[in-house]
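> This is the structure I have questions about; it appears just below.
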Amino acid sequence: MNQAFALQCPIPISDYPTITLAHGGGGKLSQMLIERMFVPAFANPELEILHDGAVLSLSVAVEMREGRGSRLALSTDSYVISPRFFPGGDIGALAVHGTVNDLAMCGARPLYLAAGFVLEEGLPMDELWRIVQSMAAAAQAAGVRIVTGDTKVVERGKGDGIFINTAGVGVIPPGVQIAPKRAQPGDLVLINGPVANHGIAIMSVREGLTFETAVESDSAPLNGLVEMILAAGGEAVHVLRDPTRGGVASSLNEIAASARVGIRLDEARIPVLEEVAGACAILGFDPLYVANEGKCLAIVAPEAAEAVLAAMRSHPLGRDAAVIGQVVAEHPRKVYLRSRIGGLRVVDMLSGEQLPRIC
Amino acid sequence: MRFVDEYRREADARKFLTAIERLVTREWTIMEICGGQTHTLIKSGIDRMLPPQITLVHGPGCPVCVTPLELVDRAIAIARRPEVIFTSFGDMLRVPGSAGQAFETASTSGAWRGAQDLLSVKAQGGDVRMVYSPLDAVKLAQKHPDRQVVFFAVGFETTAPGNAMAVWQARQMGLTNFSILCSHVLVPPAMHAILGAPDNRVQAFLAAGHVCTVMGYWQYEPIAAQYRVPIVVTGFEPLDLLQGLYMAIKALEEGRYGVENQYIRAVTRAGNRAAQQLVAEVFEVCDRPWRGIGVIPASGYRLRAEYAAFDAERRFGVGDVTAQESPLCIAGQILQGLKKPHECRAFGRECTPEHPLGAPMVSSEGACAAYFNYGRT
């Protein structure tokens with residue numbers, strides 16, 4: 001594998017097998033990195049101008065993509081995940097998916113991304129190349145362009161190989177009104193598939209804990225799925241949220257607090273893969289608090305829920321979509337869960353990290 | 001999931017609940033020993049589904065909760081040393097030591113409270129690592145011969161065999177850079193202490209299934225006979241607990257006492273002999289202080305003299321570190337089943353999972369954390 005990558009890598013290993021401080025120095029090596037690695041990988045007319053920033057024609061973007069959309073969504077996120085390569089993804093794809101998904105959860109169609117790289121001196125060049133290729137593939141799959149960027153190099157020991165920041169803009173189509181405070185009693189809570197895969201996949205390869213599992217991260221771009229949800233539900237789609245860090249429990253608590261409503265979950269309906277449930281049981285984790293990177297919670301008026309569920313299930317990322325709960329007027333700001341055996345309990349915000357238990 | 005889903009079926013839970021309702025004629029107080037069981041009871045809502053005559057009180061079986069505060073201080077003192085790689089199960093990393101507590105009770109602003117736990121030592125540059133097995137700590141010692149690797153060996157009989165194996169292996173390998181900070185405790189002496197107390201309310205026990213997987217349950221037979229209480233060895237899934245409760249209530253209603261085994265898929269009367277032998281090879285029984293309860297005679301393990309070289313307290317000279325508990329915390333009464341978490345004045349106010357005053361609010365198995373996280377306020 002490595003050799004194949006080395007052959008493809010546009011900056012020959014023999015020249016620079018690793019990142020040096022000069023790659024971030026703004027001189028020839030910086031230029032080489034940009035011109036020979038980033039620009040060809042992310043190829044698009046906005047980037048190829050190689051200006052200090054990308055110049056985007058809003059009217060073109062809007063007319064081309066939307067008709068008469070008049071609102072922009074803007075989002076940014078930084079990615080520091082360790083390890084950089086994990087089952088089901090890598091830091092590059094995640095950096096694209098994460099920002100694409102944040103835009104999609106605003107109801108926007110993501111259009112352009114900016115990428116900032118903080119590289120640590122000594123990062124193997126072929127690893128950077130694999131990450132950049134993965135970002136390019138992820139951007140292409142999501143239908144977005146990476147149109148501007150920045151690279152800095154920090155001294156060895158001052159970073160963790162690579163940190164990536166991405167920022168993105170998208171256009172919100174007319175008629176789409178997505179906001180946490182729009183959740184109202186009677187709405188149903190939908191999710192597009194099993195929870196906790198990403199967090200468990202990462203745990204399985206972290207230092208100190210290696211367990212054999214086939215669980216892969218669910219890292220994926222959700223904008224295509226969201227388009228189908230909005231096409232099926234229109235204005236009846238009240239809230240969209242990707243339950244990343246803190247998991248489903250934390251996202252729903254935020255929504256309940258924002259809309260001043262209660263949310264009632266049904267544990268038996270929440271999809272969890274058997275292997276994920278097993279790993280959670282061993283570690284003492286609650287899957288409701290474990291991170292996802294390809295999941296979308298949709299809070300939808302009851303009359304549209306069936307159509308939205310059907311739309312989700314017709315998309316490859318929503319085959320296992322399910323209705324997992326309902327918004328209620330009782331217990332405002334609180335999330336309750338009906339346990340498998342029929343008991344009732346509060347599902348609170350996570351405090352700190354979940355830590356594996358002793359026995 | 002096999003061996004899990006079967007124990008979470010609502011229809012079966014209903015059957016047990018109905019059977020319990022039919023059985024109960026008067027009030028009973030039952031203690032589940034283990035924090036894991038407390039967690040399942042509250043998480044699945046069983047405590048609210050039982051007939052009102054049944055009171056569940058939560059026992060001392062949370063290893064994080066009963067580890068004395070001075071042990072946490074000693075762990076912090078060791079972890080701060082530059083030559084040390086301090087290893088621990090995840091649970092223990094967030095337990096505040098007394099420096100954090102003293103600061104916490106003195107502070108009213110709440111802006112910067114309780115910073116002294118093992119995680120904060122890590123943030124300040126200490127080499128503190130979470131491990132999932134003490135054997136991983138032994139591997140670290142092999143890998144880093146120039147460093148001192150210390151494992152925080154806490155827990156009940158369940159974790160004792162793993163810790164014994166780590167020390168035994170380290171000696172076999174001739175490792176001189178591995179040691180354990182040991183605070184092992186035992187269940188039967190704690191049951192004696194609870195049942196022998198003048199204000200005891202407990203009429204029956206659910207014994208901790210995983211402790212019994214290692215130790216068997218023959219040790220509980222004399223306790224059941226002496227105090228005339230039913231003791232039911234019980235598992236950890238919702239239906240295990242409902243069946244265990246059913247068996248305990250049936251014995252109480254029929255005036256029977258003795259030991260019964262609900263957790264037959266994992267527990268035998270004799271237990272795991274190989275594990276017991278290994279524990280006996282490395283550890284010997286000693287008096288141990290239990291956090292919030294005090295010293296219970298013959299209630300813990302310490303390293304045998306032959307293994308004293310692996311004792312971190314001796315190696316780092318921290319045996320004289322002592323600590324003062326927060327005056328607000330009533331962890332001791334909670335761990336003995338005398339009070340419920342929400343009966344504490346500090347519960348949910350000065351004491352929350354973000355700012356715990358006592359260990360039962362820190363550990364995922366702690367009764368206070370279970371009550372707080374699942375909304376029993």
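Just so we're on the same page: first chain in the structure tokens is A, next is B, and so on; residues restart at 1 for each chain, and ligands are numbered from 1 in the order they show up.
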With only C-alpha atoms considered, list every residue of chain B at most 9 Å from chain A, as a tab-separated table (two decimals) with N, CA, C and O atoms, in the first residue's frame.

```
chain	number	residue	atom	x	y	z
B	1	MET	N	-28.99	-8.90	21.11
B	1	MET	CA	-27.74	-9.54	21.47
B	1	MET	C	-28.03	-10.73	22.38
B	1	MET	O	-28.77	-10.60	23.35
B	4	VAL	N	-28.18	-11.06	26.43
B	4	VAL	CA	-28.51	-9.74	26.96
B	4	VAL	C	-29.98	-9.46	26.71
B	4	VAL	O	-30.74	-9.20	27.63
B	8	ARG	N	-33.88	-8.53	29.05
B	8	ARG	CA	-34.42	-7.17	29.00
B	8	ARG	C	-35.82	-7.16	28.39
B	8	ARG	O	-36.25	-6.16	27.86
B	9	ARG	N	-36.53	-8.32	28.41
B	9	ARG	CA	-37.83	-8.37	27.75
B	9	ARG	C	-38.92	-7.81	28.65
B	9	ARG	O	-39.07	-8.22	29.80
B	10	GLU	N	-39.70	-6.92	28.05
B	10	GLU	CA	-40.72	-6.25	28.84
B	10	GLU	C	-41.78	-7.23	29.35
B	10	GLU	O	-42.21	-7.15	30.50
B	11	ALA	N	-42.20	-8.17	28.49
B	11	ALA	CA	-43.27	-9.09	28.89
B	11	ALA	C	-42.83	-9.90	30.11
B	11	ALA	O	-43.61	-10.10	31.05
B	12	ASP	N	-41.56	-10.35	30.11
B	12	ASP	CA	-41.07	-11.14	31.24
B	12	ASP	C	-40.95	-10.26	32.49
B	12	ASP	O	-41.22	-10.71	33.60
B	13	ALA	N	-40.53	-9.02	32.29
B	13	ALA	CA	-40.43	-8.10	33.42
B	13	ALA	C	-41.81	-7.92	34.07
B	13	ALA	O	-41.95	-7.95	35.29
B	14	ARG	N	-42.82	-7.78	33.23
B	14	ARG	CA	-44.20	-7.62	33.74
B	14	ARG	C	-44.61	-8.82	34.59
B	14	ARG	O	-45.22	-8.68	35.63
B	36	GLY	N	-23.06	-1.64	40.34
B	36	GLY	CA	-23.54	-1.98	39.00
B	36	GLY	C	-25.01	-2.33	39.01
B	36	GLY	O	-25.77	-1.99	38.10
B	42	ILE	N	-31.85	1.71	38.64
B	42	ILE	CA	-32.30	3.09	38.41
B	42	ILE	C	-32.44	3.34	36.90
B	42	ILE	O	-33.40	3.94	36.45
B	43	LYS	N	-31.47	2.84	36.13
B	43	LYS	CA	-31.47	3.10	34.70
B	43	LYS	C	-32.69	2.47	34.01
B	43	LYS	O	-33.27	3.05	33.11
B	44	SER	N	-33.06	1.26	34.44
B	44	SER	CA	-34.20	0.63	33.79
B	44	SER	C	-35.51	1.00	34.47
B	44	SER	O	-36.58	0.63	34.00
B	45	GLY	N	-35.42	1.74	35.56
B	45	GLY	CA	-36.64	2.23	36.22
B	45	GLY	C	-37.31	1.23	37.15
B	45	GLY	O	-38.46	1.43	37.57
B	46	ILE	N	-36.60	0.14	37.51
B	46	ILE	CA	-37.20	-0.89	38.35
B	46	ILE	C	-37.61	-0.32	39.71
B	46	ILE	O	-38.66	-0.68	40.25
B	47	ASP	N	-36.79	0.60	40.24
B	47	ASP	CA	-37.11	1.14	41.57
B	47	ASP	C	-38.49	1.78	41.61
B	47	ASP	O	-39.14	1.81	42.64
B	48	ARG	N	-38.95	2.28	40.46
B	48	ARG	CA	-40.26	2.93	40.42
B	48	ARG	C	-41.37	1.99	40.00
B	48	ARG	O	-42.53	2.39	39.96
B	49	MET	N	-41.01	0.78	39.60
B	49	MET	CA	-42.03	-0.16	39.14
B	49	MET	C	-42.45	-1.12	40.24
B	49	MET	O	-43.46	-1.81	40.12
B	63	PRO	N	-16.48	0.26	43.95
B	63	PRO	CA	-15.07	0.34	44.34
B	63	PRO	C	-14.55	1.77	44.42
B	63	PRO	O	-13.75	2.10	45.29
B	64	VAL	N	-14.99	2.62	43.50
B	64	VAL	CA	-14.54	4.00	43.51
B	64	VAL	C	-15.01	4.69	44.80
B	64	VAL	O	-14.28	5.44	45.44
B	89	PHE	N	-7.81	2.42	36.08
B	89	PHE	CA	-9.07	2.30	35.36
B	89	PHE	C	-9.66	3.70	35.24
B	89	PHE	O	-9.37	4.59	36.05
B	90	GLY	N	-10.50	3.90	34.24
B	90	GLY	CA	-11.05	5.22	33.95
B	90	GLY	C	-11.78	5.85	35.12
B	90	GLY	O	-11.61	7.04	35.41
B	91	ASP	N	-12.59	5.05	35.82
B	91	ASP	CA	-13.42	5.55	36.93
B	91	ASP	C	-12.67	6.39	37.94
B	91	ASP	O	-13.19	7.36	38.47
B	92	MET	N	-11.45	5.97	38.26
B	92	MET	CA	-10.74	6.59	39.39
B	92	MET	C	-10.13	7.94	39.02
B	92	MET	O	-9.74	8.70	39.89
B	93	LEU	N	-10.06	8.23	37.73
B	93	LEU	CA	-9.32	9.41	37.30
B	93	LEU	C	-10.01	10.71	37.69
B	93	LEU	O	-9.38	11.75	37.78
B	94	ARG	N	-11.32	10.64	37.91
B	94	ARG	CA	-12.08	11.86	38.14
B	94	ARG	C	-12.41	12.08	39.62
B	94	ARG	O	-13.10	13.03	39.96
B	129	ARG	N	-2.18	7.50	32.71
B	129	ARG	CA	-2.77	6.79	31.57
B	129	ARG	C	-3.90	5.89	32.03
B	129	ARG	O	-3.78	5.20	33.04
B	130	MET	N	-4.97	5.90	31.24
B	130	MET	CA	-6.07	5.00	31.51
B	130	MET	C	-5.77	3.64	30.89
B	130	MET	O	-5.37	3.58	29.73
B	131	VAL	N	-5.91	2.59	31.66
B	131	VAL	CA	-5.73	1.26	31.09
B	131	VAL	C	-7.00	0.45	31.35
B	131	VAL	O	-7.84	0.82	32.17
B	132	TYR	N	-7.13	-0.64	30.63
B	132	TYR	CA	-8.33	-1.45	30.74
B	132	TYR	C	-8.06	-2.74	31.47
B	132	TYR	O	-8.97	-3.49	31.75
B	133	SER	N	-6.79	-2.99	31.75
B	133	SER	CA	-6.43	-4.20	32.48
B	133	SER	C	-5.11	-3.92	33.18
B	133	SER	O	-4.23	-3.26	32.61
B	136	ASP	N	-2.05	-4.63	31.18
B	136	ASP	CA	-1.54	-3.60	30.26
B	136	ASP	C	-0.51	-2.72	30.96
B	136	ASP	O	0.44	-2.25	30.33
B	154	VAL	N	-7.61	-0.88	42.82
B	154	VAL	CA	-8.76	-0.79	43.70
B	154	VAL	C	-9.79	-1.82	43.27
B	154	VAL	O	-9.70	-2.39	42.20
B	155	GLY	N	-10.77	-2.02	44.14
B	155	GLY	CA	-11.88	-2.87	43.74
B	155	GLY	C	-12.13	-3.98	44.75
B	155	GLY	O	-11.43	-4.13	45.75
B	156	PHE	N	-13.17	-4.75	44.44
B	156	PHE	CA	-13.59	-5.86	45.31
B	156	PHE	C	-12.94	-7.15	44.83
B	156	PHE	O	-11.97	-7.12	44.07
B	158	THR	N	-13.79	-9.00	42.63
B	158	THR	CA	-13.88	-9.13	41.18
B	158	THR	C	-12.58	-8.76	40.48
B	158	THR	O	-12.16	-9.42	39.53
B	159	THR	N	-11.94	-7.67	40.94
B	159	THR	CA	-10.73	-7.21	40.26
B	159	THR	C	-9.45	-7.78	40.90
B	159	THR	O	-8.38	-7.64	40.33
B	210	HIS	N	-20.94	-10.74	40.23
B	210	HIS	CA	-19.59	-10.88	39.68
B	210	HIS	C	-18.55	-11.17	40.78
B	210	HIS	O	-17.59	-11.90	40.53
B	238	PRO	N	-31.73	-6.26	33.85
B	238	PRO	CA	-33.00	-5.96	34.52
B	238	PRO	C	-33.77	-7.20	35.00
B	238	PRO	O	-34.26	-7.23	36.14
B	239	LEU	N	-33.84	-8.22	34.16
B	239	LEU	CA	-34.60	-9.40	34.58
B	239	LEU	C	-33.89	-10.18	35.68
B	239	LEU	O	-34.53	-10.80	36.53
B	353	PRO	N	-22.25	15.84	39.51
B	353	PRO	CA	-21.16	15.12	38.82
B	353	PRO	C	-20.04	16.06	38.35
B	353	PRO	O	-18.89	15.64	38.25
B	354	GLU	N	-20.35	17.33	38.06
B	354	GLU	CA	-19.30	18.26	37.65
B	354	GLU	C	-18.43	18.66	38.84
B	354	GLU	O	-17.25	18.92	38.70
B	363	SER	N	-18.38	8.19	40.48
B	363	SER	CA	-18.32	6.94	39.76
B	363	SER	C	-19.61	6.68	39.03
B	363	SER	O	-20.69	7.02	39.50
B	364	SER	N	-19.50	6.03	37.85
B	364	SER	CA	-20.71	5.66	37.13
B	364	SER	C	-21.51	4.64	37.95
B	364	SER	O	-22.70	4.47	37.74
B	365	GLU	N	-20.86	3.97	38.89
B	365	GLU	CA	-21.58	3.00	39.72
B	365	GLU	C	-22.07	3.60	41.04
B	365	GLU	O	-22.71	2.94	41.83
B	372	PHE	N	-28.67	11.19	40.41
B	372	PHE	CA	-28.60	12.50	39.75
B	372	PHE	C	-28.81	12.37	38.24
B	372	PHE	O	-29.65	13.04	37.65
B	373	ASN	N	-28.06	11.44	37.62
B	373	ASN	CA	-28.11	11.32	36.15
B	373	ASN	C	-29.46	10.84	35.65
B	373	ASN	O	-29.87	11.18	34.55
B	374	TYR	N	-30.15	10.02	36.44
B	374	TYR	CA	-31.42	9.49	35.97
B	374	TYR	C	-32.61	10.20	36.62
B	374	TYR	O	-33.72	9.70	36.64
B	375	GLY	N	-32.34	11.37	37.17
B	375	GLY	CA	-33.43	12.27	37.54
B	375	GLY	C	-34.20	11.90	38.80
B	375	GLY	O	-35.36	12.29	38.94
B	376	ARG	N	-33.58	11.15	39.71
B	376	ARG	CA	-34.26	10.86	40.98
B	376	ARG	C	-33.97	12.00	41.96
B	376	ARG	O	-33.23	11.82	42.92
```
> Could you pull the residues within 6 Å of range 14-18 of chain A, counting only C-alpha atoms, minus those fewer than 5 positions along the same chain, as a list in words?
Gly122, Leu123, Pro124 and Met125 of chain A
> Leaving out range 201-209 of chain B and any residue of its chain fewer than 6 positions from it, which residues lie within 6 Å of it when counting only C-alpha atoms, given as a list in words?
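Neighbouring residues, sequence-local ones excluded: Thr29, Ile30, Met31, Glu32, Ile33, Cys34, Val229, Pro230, Ile231, Val232, Val233, Thr234 and Gly235 of chain B.
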> Write out as an NGL selection string all residues of range 126-315 of chain A that backbone DSSP assigns to strand (DSSP E or B).
:A and (145-154 or 162-172 or 188-191 or 237-241 or 262-266 or 297-300)
> Contacts of range 81-89 of chain A at 9 Å or less, counting only C-alpha atoms, minus same-chain residues fewer than 6 places along, as an NGL selection string?
:A and (131 or 134 or 160-163 or 198 or 201-202 or 204-207 or 214-220)
> Please produce a file of those selected residues containing C-alpha atoms, as an mmCIF file, in the first residue's frame.

```cif
data_model
loop_
_atom_site.group_PDB
_atom_site.id
_atom_site.type_symbol
_atom_site.label_atom_id
_atom_site.label_comp_id
_atom_site.auth_asym_id
_atom_site.auth_seq_id
_atom_site.Cartn_x
_atom_site.Cartn_y
_atom_site.Cartn_z
ATOM 1 C CA ILE A 131 -5.362 12.517 3.952
ATOM 2 C CA SER A 134 -9.377 11.364 1.160
ATOM 3 C CA ASP A 160 -0.290 15.807 17.001
ATOM 4 C CA GLY A 161 0.706 15.151 13.386
ATOM 5 C CA ILE A 162 -2.081 17.065 11.739
ATOM 6 C CA PHE A 163 -4.981 19.269 12.770
ATOM 7 C CA HIS A 198 -18.121 6.253 15.349
ATOM 8 C CA ALA A 201 -14.793 2.417 16.197
ATOM 9 C CA ILE A 202 -12.399 5.067 17.538
ATOM 10 C CA SER A 204 -11.376 0.109 19.367
ATOM 11 C CA VAL A 205 -8.133 1.475 17.926
ATOM 12 C CA ARG A 206 -7.042 3.866 20.663
ATOM 13 C CA GLU A 207 -3.839 3.104 22.492
ATOM 14 C CA ALA A 214 -15.818 -5.054 12.734
ATOM 15 C CA VAL A 215 -17.462 -1.791 13.781
ATOM 16 C CA GLU A 216 -16.657 1.069 11.418
ATOM 17 C CA SER A 217 -17.162 4.770 11.893
ATOM 18 C CA ASP A 218 -20.363 6.040 10.301
ATOM 19 C CA SER A 219 -18.523 9.154 8.998
ATOM 20 C CA ALA A 220 -20.518 10.242 5.923
#
```
> From the DSSP assignment of the backbone, select every residue of range 164-208 of chain A that is helix (DSSP H, G or I), and format the answer as a list in words.
Pro180, Lys181, Arg182, Asn197, His198, Gly199, Ile200, Ala201, Ile202 and Met203 of chain A
> Any chance you could export the current selection's C-alpha atoms as an mmCIF file, in the first residue's frame?

```cif
data_model
loop_
_atom_site.group_PDB
_atom_site.id
_atom_site.type_symbol
_atom_site.label_atom_id
_atom_site.label_comp_id
_atom_site.auth_asym_id
_atom_site.auth_seq_id
_atom_site.Cartn_x
_atom_site.Cartn_y
_atom_site.Cartn_z
ATOM 1 C CA PRO A 180 -34.015 23.856 17.364
ATOM 2 C CA LYS A 181 -36.686 26.071 18.864
ATOM 3 C CA ARG A 182 -39.215 24.888 16.276
ATOM 4 C CA ASN A 197 -20.673 3.443 15.685
ATOM 5 C CA HIS A 198 -18.121 6.253 15.349
ATOM 6 C CA GLY A 199 -17.233 6.493 19.033
ATOM 7 C CA ILE A 200 -16.861 2.738 19.404
ATOM 8 C CA ALA A 201 -14.793 2.417 16.197
ATOM 9 C CA ILE A 202 -12.399 5.067 17.538
ATOM 10 C CA MET A 203 -12.235 3.435 20.986
#
```
> Looking at only C-alpha atoms, which of B:Ala141, B:Ala370, B:Asp240, B:Gln333 is the one that sits closest to Trp290 in chain B?
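Using only C-alpha atoms, the shortest distance to Trp290 in chain B belongs to B:Gln333.
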> Please identify all polymer residues within 12 Å of Val149 in chain B, counting only C-alpha atoms, omitting same-chain residues fewer than 3 positions from it, and present them as a count of residues only.
43
> Fewer than 4 positions away in the same chain doesn't count, so skip those; otherwise give me all residues within 12 Å of Leu297 in chain A, counting only C-alpha atoms, as a PyMOL selection string.
chain A and resi 101+104-105+180+183+188-195+222+225-226+229+237-244+247-252+255+270+292-293+308-309+312+318+321-326
> Write out as a list of chain:residue names the residues lying within 10 Å of Gly143 in chain A, counting only C-alpha atoms and excluding same-chain residues fewer than 5 positions away.
A:Val100, A:Arg109, A:Pro110, A:Leu111, A:Tyr112, A:Ala137, A:Ala138, A:Pro221, A:Asn223, A:Gly224
> Would you save the residues of that selection, restricted to C-alpha atoms, as a PDB file, in the first residue's frame?

```
ATOM      1  CA  VAL A 100     -20.830  19.536   5.302  1.00  0.00           C
ATOM      2  CA  ARG A 109     -27.037  22.899   0.589  1.00  0.00           C
ATOM      3  CA  PRO A 110     -23.287  22.999   1.253  1.00  0.00           C
ATOM      4  CA  LEU A 111     -21.361  24.585  -1.632  1.00  0.00           C
ATOM      5  CA  TYR A 112     -17.832  25.636  -0.674  1.00  0.00           C
ATOM      6  CA  ALA A 137     -12.823  12.188  -2.521  1.00  0.00           C
ATOM      7  CA  ALA A 138     -15.092  13.175   0.364  1.00  0.00           C
ATOM      8  CA  PRO A 221     -21.864  13.374   4.214  1.00  0.00           C
ATOM      9  CA  ASN A 223     -26.445  16.590   2.688  1.00  0.00           C
ATOM     10  CA  GLY A 224     -27.939  14.172   0.169  1.00  0.00           C
TER      11      GLY A 224
END
```
